[in-house]
Amino acid sequence: MSSTSTASVGTKPGTWALPFAVTLVAMFALQLSNLGFSPLLPSIQQEFGMNYTQLGLFTGLYGLLALALSVPAGVTAKRFGEKWVLGAGLLGVAIGSVLLGEAWSFQSALVFRGLTIFGYRFAFVSVLIAIALTAPPSLRGRTMGVLGATSAMASVVGAPLGGALVGEFGWRFAILGYAAMSVFGVAVFWLFYRPAANADSRDAGLHAGDAASRRSAFFSPVIWMLALIVGMGGFGQFTVTYFVPSVAKALYGLDARAAGVIISTGYMTAIIVNLLVGLLTDRFNKLLVLGGIFVLLAMASASMTIEHQTVFRIATAAVIGFGFTAANQLYGLAGSVMPRREAANAMGVVSLGAGLFGYFGPQMLGILRDWTGSFAAGFYMVAVADVLTLGLIVLLYRMTGGRRTAEGAT
């Protein structure tokens, strides 16, 4: 039985705070392995003799599987409940990580990485559903901001820790730490999570008068538009995160530890930006706030083409920080525009966009690097994606008639 139809606790702060908090613990464990994984990539690339196109496939595999699994993950969570699907997904992450640490070739590493991502995708969609079902609608922006800050904190901890472990013990040992944290996240979530019953409400002004779309996420043009925006909007942050270690090593001679510090600086920025933007989106029109973010993102992405270490560090922090924040708030919108009974399907559909561009971004950046011998073309590609996303946000704003999207805003 779906958790959305089970008896659940109320929405007073004392009742929704605990399930919300343990969902954050699960998200931290999940993102520790996903976002903190990137400092291990240069060592993995070297051990298995990958070129940059192969590295793009290895990282972009996330997108291919996300594309295939996002809707099934949402449907499965609706059928069996987000609690069990999230727990099983985190266990899958742990098992896949342990097996990846035993890989003997590029092909085996690709398969085991695929198993890790399989578990990750089901767990990630379930986390979004859990947040949508526990957090009060009037606090949607702030709770998504806290979720984003928690995810960013996982990278702040995971990236430098992974870089340090690689330097001392090698990448095979480092990845076992991520597996252990996944198991810890499963235990905490299963023990303490109970879904909270929120009112079946939606943010005003995002339906554009489409009554049919209110009945099913699969037939909502707003949900499909958000899927495209989430994909395009997360394109740069995801791609840059995974390629920063390679760029840092190739252009500036920095090791895994130094690359981990650069990534963690970006996610430290994301912690602050997530919390600030969460407050702004609860008070002002969400789409206008997001439009401003993508203006900044386009400038930051273009700045990454400048081959200067200080500029690279600042631009990377901005791309990761603002990109990660935008993606989290867009997921929050998806949870707001549909009834609670459709929250699982809505998250599954919106995650399709992240899957498509999660594959396309790293793969294309790797191909462009091999073709041109430079990372600049890939960074220009990211900047173009930011500009296109800004255009899509303007289009969505017009679709919704420019009405306010912060429920309860004055």
# chains A, B, ... in the order shown; residues from 1 in each chain; ligands from 1
>>> residues_around(residues="Ala250 (chain A)", least_positions_apart="3", cutoff="12 Å", atoms="only C-alpha atoms", output="tab-separated table (two decimals) with all heavy atoms, in the first residue's frame")
chain	number	residue	atom	x	y	z
A	42	PRO	N	39.61	10.92	-11.15
A	42	PRO	CA	40.91	10.86	-11.84
A	42	PRO	C	41.67	9.58	-11.56
A	42	PRO	O	42.32	9.02	-12.48
A	42	PRO	CB	41.65	12.09	-11.28
A	42	PRO	CG	40.56	13.04	-10.89
A	42	PRO	CD	39.47	12.16	-10.37
A	52	TYR	N	38.72	10.75	-22.25
A	52	TYR	CA	37.70	11.64	-21.71
A	52	TYR	C	36.29	11.29	-22.19
A	52	TYR	O	35.30	11.53	-21.50
A	52	TYR	CB	38.03	13.10	-22.03
A	52	TYR	CG	39.14	13.65	-21.15
A	52	TYR	CD1	40.44	13.78	-21.62
A	52	TYR	CD2	38.87	14.02	-19.84
A	52	TYR	CE1	41.45	14.26	-20.81
A	52	TYR	CE2	39.87	14.50	-19.02
A	52	TYR	CZ	41.17	14.62	-19.51
A	52	TYR	OH	42.16	15.09	-18.69
A	243	PHE	N	33.51	16.95	-13.60
A	243	PHE	CA	34.70	17.21	-14.40
A	243	PHE	C	35.71	18.13	-13.73
A	243	PHE	O	36.81	18.30	-14.24
A	243	PHE	CB	34.31	17.76	-15.78
A	243	PHE	CG	34.18	16.69	-16.82
A	243	PHE	CD1	32.99	16.03	-17.01
A	243	PHE	CD2	35.26	16.32	-17.61
A	243	PHE	CE1	32.86	15.03	-17.95
A	243	PHE	CE2	35.16	15.33	-18.56
A	243	PHE	CZ	33.95	14.68	-18.74
A	244	VAL	N	35.34	18.73	-12.59
A	244	VAL	CA	36.28	19.62	-11.90
A	244	VAL	C	37.61	18.93	-11.59
A	244	VAL	O	38.68	19.50	-11.82
A	244	VAL	CB	35.65	20.21	-10.62
A	244	VAL	CG1	36.71	20.70	-9.65
A	244	VAL	CG2	34.73	21.37	-10.99
A	245	PRO	N	37.62	17.69	-11.05
A	245	PRO	CA	38.93	17.07	-10.76
A	245	PRO	C	39.79	16.91	-12.00
A	245	PRO	O	41.01	17.12	-11.94
A	245	PRO	CB	38.54	15.70	-10.18
A	245	PRO	CG	37.18	15.91	-9.61
A	245	PRO	CD	36.50	16.86	-10.55
A	246	SER	N	39.19	16.56	-13.13
A	246	SER	CA	39.96	16.38	-14.37
A	246	SER	C	40.48	17.72	-14.89
A	246	SER	O	41.62	17.82	-15.35
A	246	SER	CB	39.08	15.71	-15.44
A	246	SER	OG	38.68	14.43	-15.01
A	247	VAL	N	39.64	18.75	-14.83
A	247	VAL	CA	40.07	20.08	-15.27
A	247	VAL	C	41.18	20.60	-14.36
A	247	VAL	O	42.19	21.14	-14.83
A	247	VAL	CB	38.87	21.06	-15.26
A	247	VAL	CG1	39.34	22.47	-15.63
A	247	VAL	CG2	37.78	20.60	-16.22
A	253	GLY	N	47.40	21.34	-12.55
A	253	GLY	CA	48.26	20.39	-11.86
A	253	GLY	C	47.84	20.10	-10.43
A	253	GLY	O	48.68	19.76	-9.59
A	254	LEU	N	46.55	20.20	-10.13
A	254	LEU	CA	46.05	19.98	-8.77
A	254	LEU	C	45.69	18.52	-8.56
A	254	LEU	O	45.15	17.87	-9.46
A	254	LEU	CB	44.82	20.87	-8.53
A	254	LEU	CG	45.04	22.38	-8.70
A	254	LEU	CD1	43.73	23.13	-8.49
A	254	LEU	CD2	46.10	22.88	-7.73
A	255	ASP	N	45.96	17.99	-7.36
A	255	ASP	CA	45.66	16.59	-7.07
A	255	ASP	C	44.23	16.43	-6.58
A	255	ASP	O	43.46	17.39	-6.51
A	255	ASP	CB	46.66	16.03	-6.05
A	255	ASP	CG	46.63	16.79	-4.71
A	255	ASP	OD1	45.69	17.57	-4.48
A	255	ASP	OD2	47.57	16.58	-3.90
A	256	ALA	N	43.87	15.18	-6.22
A	256	ALA	CA	42.50	14.87	-5.81
A	256	ALA	C	42.10	15.65	-4.56
A	256	ALA	O	40.96	16.10	-4.43
A	256	ALA	CB	42.34	13.37	-5.56
A	259	ALA	N	41.32	19.22	-5.61
A	259	ALA	CA	40.06	19.23	-6.36
A	259	ALA	C	38.87	19.08	-5.42
A	259	ALA	O	37.83	19.72	-5.60
A	259	ALA	CB	40.05	18.12	-7.40
A	307	GLU	N	41.21	30.74	-18.36
A	307	GLU	CA	42.20	29.85	-17.76
A	307	GLU	C	43.05	30.60	-16.73
A	307	GLU	O	44.19	30.99	-16.96
A	307	GLU	CB	43.08	29.22	-18.85
A	307	GLU	CG	42.32	28.23	-19.72
A	307	GLU	CD	43.23	27.40	-20.60
A	307	GLU	OE1	44.47	27.43	-20.39
A	307	GLU	OE2	42.72	26.71	-21.50
A	309	GLN	N	43.46	30.26	-12.37
A	309	GLN	CA	43.06	29.39	-11.27
A	309	GLN	C	42.07	30.05	-10.32
A	309	GLN	O	41.09	29.43	-9.91
A	309	GLN	CB	44.28	28.90	-10.50
A	309	GLN	CG	43.93	27.82	-9.49
A	309	GLN	CD	45.16	27.22	-8.83
A	309	GLN	OE1	45.13	26.89	-7.65
A	309	GLN	NE2	46.26	27.09	-9.57
A	369	ARG	N	36.03	17.80	-25.25
A	369	ARG	CA	37.42	17.86	-24.77
A	369	ARG	C	38.33	17.03	-25.67
A	369	ARG	O	39.44	17.46	-26.02
A	369	ARG	CB	37.48	17.36	-23.32
A	369	ARG	CG	38.90	17.12	-22.78
A	369	ARG	CD	39.73	18.40	-22.78
A	369	ARG	NE	41.04	18.18	-22.22
A	369	ARG	CZ	42.08	17.62	-22.85
A	369	ARG	NH1	41.94	17.23	-24.10
A	369	ARG	NH2	43.24	17.47	-22.24
A	373	GLY	N	40.66	19.39	-27.64
A	373	GLY	CA	41.85	19.45	-26.79
A	373	GLY	C	41.74	20.50	-25.70
A	373	GLY	O	42.71	20.82	-25.03
A	374	SER	N	40.52	21.04	-25.49
A	374	SER	CA	40.30	22.10	-24.50
A	374	SER	C	38.95	21.88	-23.83
A	374	SER	O	38.02	21.33	-24.44
A	374	SER	CB	40.33	23.47	-25.16
A	374	SER	OG	39.88	24.48	-24.29
A	375	PHE	N	38.84	22.34	-22.58
A	375	PHE	CA	37.56	22.26	-21.87
A	375	PHE	C	36.67	23.46	-22.16
A	375	PHE	O	35.49	23.47	-21.77
A	375	PHE	CB	37.81	22.18	-20.36
A	375	PHE	CG	38.40	20.88	-19.91
A	375	PHE	CD1	39.75	20.78	-19.62
A	375	PHE	CD2	37.60	19.75	-19.77
A	375	PHE	CE1	40.29	19.58	-19.19
A	375	PHE	CE2	38.14	18.55	-19.35
A	375	PHE	CZ	39.49	18.45	-19.05
>>> residues_around(residues="Glu47 (chain A)", least_positions_apart="2", cutoff="10 Å", atoms="only C-alpha atoms", output="list in words")
Leu41, Pro42, Ser43, Ile44, Gln45, Gly49, Met50, Trp104, Ser105, Phe106 and Trp171 of chain A
>>> atom_distance(atom1="CA of Arg79 (chain A)", atom2="CA of Ser126 (chain A)")
11.7 Å
>>> closest_residue(among="A:Gly323, A:Pro19, A:Gly119, A:Gly391", to="Ala135 (chain A)", atoms="only C-alpha atoms")
A:Pro19
>>> residues_around(residues="region 265-276 of chain A", least_positions_apart="2", cutoff="10 Å", atoms="only C-alpha atoms", output="PyMOL selection string")
chain A and resi 35+141-157+159-160+237+241+259-263+278-281+293+313-326+328-329
>>> closest_residue(among="A:Val71, A:Leu32, A:Ala77, A:Ala346", to="Ser216 (chain A)", atoms="only C-alpha atoms")
A:Ala346
>>> residues_around(residues="Tyr120 (chain A)", least_positions_apart="5", cutoff="12 Å", atoms="only C-alpha atoms", output="JSON, numbers by chain")
{"A": [26, 27, 29, 30, 31, 32, 33, 34, 35, 62, 63, 65, 66, 69, 70, 73, 85, 86, 87, 88, 89, 90, 91, 92, 93, 94, 95, 96, 97, 113, 114, 115, 125, 126, 127, 179, 182]}
>>> atom_distance(atom1="CA of Gly234 (chain A)", atom2="CA of Leu287 (chain A)")
15.6 Å
>>> atom_distance(atom1="CA of Gly81 (chain A)", atom2="CA of Ile175 (chain A)")
29.1 Å
>>> residues_around(residues="Tyr193 (chain A)", least_positions_apart="4", cutoff="10 Å", atoms="only C-alpha atoms", output="VMD selection string")
chain A and resid 16 18 to 23 82 to 83 130 134 188 to 189
>>> write_last_selection(atoms="N, CA and C atoms", output="CSV table (one decimal), in the first residue's frame")
chain,number,residue,atom,x,y,z
A,16,TRP,N,5.6,16.8,12.2
A,16,TRP,CA,6.3,16.6,10.9
A,16,TRP,C,7.8,16.8,11.0
A,18,LEU,N,10.1,15.4,12.9
A,18,LEU,CA,10.9,14.2,13.0
A,18,LEU,C,11.1,13.4,11.7
A,19,PRO,N,10.0,13.2,11.0
A,19,PRO,CA,10.1,12.5,9.7
A,19,PRO,C,10.9,13.4,8.7
A,20,PHE,N,10.7,14.7,8.8
A,20,PHE,CA,11.5,15.6,7.9
A,20,PHE,C,13.0,15.5,8.3
A,21,ALA,N,13.3,15.4,9.6
A,21,ALA,CA,14.7,15.4,10.0
A,21,ALA,C,15.4,14.1,9.5
A,22,VAL,N,14.7,12.9,9.7
A,22,VAL,CA,15.3,11.7,9.3
A,22,VAL,C,15.4,11.5,7.8
A,23,THR,N,14.5,12.2,7.1
A,23,THR,CA,14.7,12.3,5.6
A,23,THR,C,15.9,13.0,5.2
A,82,GLU,N,7.1,5.4,0.0
A,82,GLU,CA,8.5,5.9,-0.2
A,82,GLU,C,9.5,5.4,0.9
A,83,LYS,N,9.0,5.0,2.0
A,83,LYS,CA,9.9,4.5,3.1
A,83,LYS,C,10.6,3.3,2.7
A,130,ALA,N,9.2,12.0,0.0
A,130,ALA,CA,9.1,12.1,1.4
A,130,ALA,C,9.0,13.6,1.9
A,134,THR,N,5.8,15.4,3.8
A,134,THR,CA,6.0,15.8,5.3
A,134,THR,C,6.0,17.3,5.5
A,188,VAL,N,18.7,4.7,10.1
A,188,VAL,CA,18.0,5.8,10.8
A,188,VAL,C,16.6,6.1,10.1
A,189,PHE,N,16.6,6.0,8.8
A,189,PHE,CA,15.3,6.3,8.1
A,189,PHE,C,14.3,5.3,8.4
>>> select_by_dssp(residues="region 138-325 of chain A", states="helix (DSSP H, G or I)", output="PyMOL selection string")
chain A and resi 138-169+171-192+212-214+217-219+221-252+256-283+286-303+309-325
>>> residues_around(residues="Asp386 (chain A)", least_positions_apart="4", cutoff="10 Å", atoms="only C-alpha atoms", output="list in words")
Ile229, Met232, Gly233, Gly234, Phe235, Gly236, Ile293, Phe294, Val295, Leu296, Leu297, Ala298, Met299, Ala300, Ser301, Ala302, Gly323, Tyr380, Met381, Val382, Leu390, Gly391 and Leu392 of chain A
>>> write_last_selection(atoms="C-alpha atoms", output="short mmCIF file (atom, residue, chain, number, x, y, z; two decimals), in the first residue's frame")
data_model
loop_
_atom_site.label_atom_id
_atom_site.label_comp_id
_atom_site.auth_asym_id
_atom_site.auth_seq_id
_atom_site.Cartn_x
_atom_site.Cartn_y
_atom_site.Cartn_z
CA ILE A 229 13.69 23.05 -16.90
CA MET A 232 18.51 22.09 -18.46
CA GLY A 233 18.93 23.87 -15.14
CA GLY A 234 20.90 21.08 -13.49
CA PHE A 235 22.98 20.49 -16.62
CA GLY A 236 25.86 22.74 -15.59
CA ILE A 293 19.54 32.74 -10.50
CA PHE A 294 19.96 31.62 -14.10
CA VAL A 295 21.19 35.04 -15.17
CA LEU A 296 23.99 34.64 -12.62
CA LEU A 297 24.59 31.04 -13.69
CA ALA A 298 25.07 31.96 -17.34
CA MET A 299 27.74 34.51 -16.40
CA ALA A 300 29.51 32.08 -14.06
CA SER A 301 29.52 29.26 -16.61
CA ALA A 302 31.03 31.50 -19.29
CA GLY A 323 22.86 25.42 -10.04
CA TYR A 380 30.43 27.45 -23.34
CA MET A 381 27.93 24.63 -23.88
CA VAL A 382 26.98 24.86 -20.20
CA LEU A 390 16.15 31.19 -18.53
CA GLY A 391 14.03 31.30 -21.68
CA LEU A 392 12.02 28.27 -20.52
#
>>> closest_residue(among="A:Phe118, A:Tyr252, A:Phe379, A:Phe284", to="Thr310 (chain A)", atoms="only C-alpha atoms")
A:Tyr252
>>> residues_around(residues="Tyr331 (chain A)", least_positions_apart="2", cutoff="10 Å", atoms="only C-alpha atoms", output="list of chain:residue names")
A:Val125, A:Leu128, A:Ile129, A:Ala132, A:Met144, A:Leu226, A:Ala227, A:Val230, A:Ala326, A:Ala327, A:Asn328, A:Gln329, A:Leu333, A:Ala334, A:Gly335, A:Ser336, A:Ala346, A:Met347, A:Val350, A:Ser351
>>> decode(residues="region 70-83 of chain A", atoms="all heavy atoms", output="mmCIF file, in the first residue's frame")
data_model
loop_
_atom_site.group_PDB
_atom_site.id
_atom_site.type_symbol
_atom_site.label_atom_id
_atom_site.label_comp_id
_atom_site.auth_asym_id
_atom_site.auth_seq_id
_atom_site.Cartn_x
_atom_site.Cartn_y
_atom_site.Cartn_z
ATOM 1 N N SER A 70 13.410 7.049 -13.589
ATOM 2 C CA SER A 70 12.737 8.080 -12.797
ATOM 3 C C SER A 70 11.236 7.820 -12.647
ATOM 4 O O SER A 70 10.694 7.834 -11.531
ATOM 5 C CB SER A 70 12.978 9.458 -13.414
ATOM 6 O OG SER A 70 14.323 9.839 -13.266
ATOM 7 N N VAL A 71 10.552 7.586 -13.755
ATOM 8 C CA VAL A 71 9.112 7.327 -13.678
ATOM 9 C C VAL A 71 8.830 6.016 -12.951
ATOM 10 O O VAL A 71 7.963 5.968 -12.068
ATOM 11 C CB VAL A 71 8.469 7.362 -15.076
ATOM 12 C CG1 VAL A 71 7.024 6.858 -15.012
ATOM 13 C CG2 VAL A 71 8.488 8.784 -15.634
ATOM 14 N N PRO A 72 9.542 4.904 -13.274
ATOM 15 C CA PRO A 72 9.333 3.675 -12.486
ATOM 16 C C PRO A 72 9.578 3.880 -10.990
ATOM 17 O O PRO A 72 8.884 3.284 -10.166
ATOM 18 C CB PRO A 72 10.351 2.697 -13.090
ATOM 19 C CG PRO A 72 10.516 3.151 -14.494
ATOM 20 C CD PRO A 72 10.425 4.649 -14.428
ATOM 21 N N ALA A 73 10.562 4.726 -10.636
ATOM 22 C CA ALA A 73 10.826 4.981 -9.224
ATOM 23 C C ALA A 73 9.633 5.669 -8.563
ATOM 24 O O ALA A 73 9.232 5.313 -7.444
ATOM 25 C CB ALA A 73 12.080 5.840 -9.068
ATOM 26 N N GLY A 74 9.061 6.655 -9.249
ATOM 27 C CA GLY A 74 7.897 7.342 -8.706
ATOM 28 C C GLY A 74 6.692 6.420 -8.581
ATOM 29 O O GLY A 74 5.986 6.423 -7.565
ATOM 30 N N VAL A 75 6.447 5.606 -9.613
ATOM 31 C CA VAL A 75 5.324 4.668 -9.589
ATOM 32 C C VAL A 75 5.514 3.628 -8.481
ATOM 33 O O VAL A 75 4.571 3.283 -7.751
ATOM 34 C CB VAL A 75 5.178 3.973 -10.960
ATOM 35 C CG1 VAL A 75 4.142 2.853 -10.888
ATOM 36 C CG2 VAL A 75 4.780 4.988 -12.030
ATOM 37 N N THR A 76 6.750 3.133 -8.331
ATOM 38 C CA THR A 76 7.037 2.135 -7.299
ATOM 39 C C THR A 76 6.839 2.721 -5.902
ATOM 40 O O THR A 76 6.282 2.073 -5.009
ATOM 41 C CB THR A 76 8.484 1.620 -7.439
ATOM 42 O OG1 THR A 76 8.664 1.072 -8.745
ATOM 43 C CG2 THR A 76 8.786 0.538 -6.411
ATOM 44 N N ALA A 77 7.301 3.956 -5.702
ATOM 45 C CA ALA A 77 7.128 4.603 -4.403
ATOM 46 C C ALA A 77 5.657 4.836 -4.093
ATOM 47 O O ALA A 77 5.229 4.714 -2.936
ATOM 48 C CB ALA A 77 7.897 5.919 -4.367
ATOM 49 N N LYS A 78 4.886 5.155 -5.110
ATOM 50 C CA LYS A 78 3.449 5.343 -4.897
ATOM 51 C C LYS A 78 2.779 4.023 -4.532
ATOM 52 O O LYS A 78 1.861 3.980 -3.702
ATOM 53 C CB LYS A 78 2.806 5.938 -6.152
ATOM 54 C CG LYS A 78 1.324 6.266 -5.975
ATOM 55 C CD LYS A 78 0.747 6.929 -7.205
ATOM 56 C CE LYS A 78 -0.726 7.296 -6.969
ATOM 57 N NZ LYS A 78 -1.331 7.942 -8.151
ATOM 58 N N ARG A 79 3.256 2.946 -5.133
ATOM 59 C CA ARG A 79 2.645 1.629 -4.892
ATOM 60 C C ARG A 79 3.048 1.041 -3.546
ATOM 61 O O ARG A 79 2.215 0.521 -2.800
ATOM 62 C CB ARG A 79 3.061 0.671 -6.033
ATOM 63 C CG ARG A 79 2.637 -0.786 -5.833
ATOM 64 C CD ARG A 79 1.130 -0.936 -5.874
ATOM 65 N NE ARG A 79 0.736 -2.320 -5.717
ATOM 66 C CZ ARG A 79 0.595 -2.960 -4.550
ATOM 67 N NH1 ARG A 79 0.834 -2.291 -3.420
ATOM 68 N NH2 ARG A 79 0.227 -4.209 -4.494
ATOM 69 N N PHE A 80 4.326 1.090 -3.204
ATOM 70 C CA PHE A 80 4.821 0.416 -2.010
ATOM 71 C C PHE A 80 5.157 1.366 -0.849
ATOM 72 O O PHE A 80 5.423 0.901 0.259
ATOM 73 C CB PHE A 80 6.070 -0.413 -2.348
ATOM 74 C CG PHE A 80 5.796 -1.520 -3.321
ATOM 75 C CD1 PHE A 80 6.174 -1.405 -4.650
ATOM 76 C CD2 PHE A 80 5.150 -2.680 -2.912
ATOM 77 C CE1 PHE A 80 5.916 -2.420 -5.555
ATOM 78 C CE2 PHE A 80 4.893 -3.708 -3.798
ATOM 79 C CZ PHE A 80 5.266 -3.579 -5.147
ATOM 80 N N GLY A 81 5.176 2.651 -1.127
ATOM 81 C CA GLY A 81 5.514 3.607 -0.084
ATOM 82 C C GLY A 81 6.954 4.066 -0.186
ATOM 83 O O GLY A 81 7.865 3.273 -0.431
ATOM 84 N N GLU A 82 7.148 5.365 -0.012
ATOM 85 C CA GLU A 82 8.484 5.934 -0.171
ATOM 86 C C GLU A 82 9.469 5.430 0.872
ATOM 87 O O GLU A 82 10.679 5.370 0.631
ATOM 88 C CB GLU A 82 8.422 7.469 -0.153
ATOM 89 C CG GLU A 82 8.087 8.109 1.184
ATOM 90 C CD GLU A 82 6.619 8.061 1.555
ATOM 91 O OE1 GLU A 82 5.801 7.604 0.727
ATOM 92 O OE2 GLU A 82 6.294 8.477 2.673
ATOM 93 N N LYS A 83 8.960 5.007 2.046
ATOM 94 C CA LYS A 83 9.856 4.538 3.106
ATOM 95 C C LYS A 83 10.630 3.300 2.671
ATOM 96 O O LYS A 83 11.861 3.234 2.796
ATOM 97 C CB LYS A 83 9.054 4.233 4.371
ATOM 98 C CG LYS A 83 9.889 3.679 5.517
ATOM 99 C CD LYS A 83 9.040 3.439 6.756
ATOM 100 C CE LYS A 83 9.885 2.895 7.898
ATOM 101 N NZ LYS A 83 9.077 2.705 9.138
#
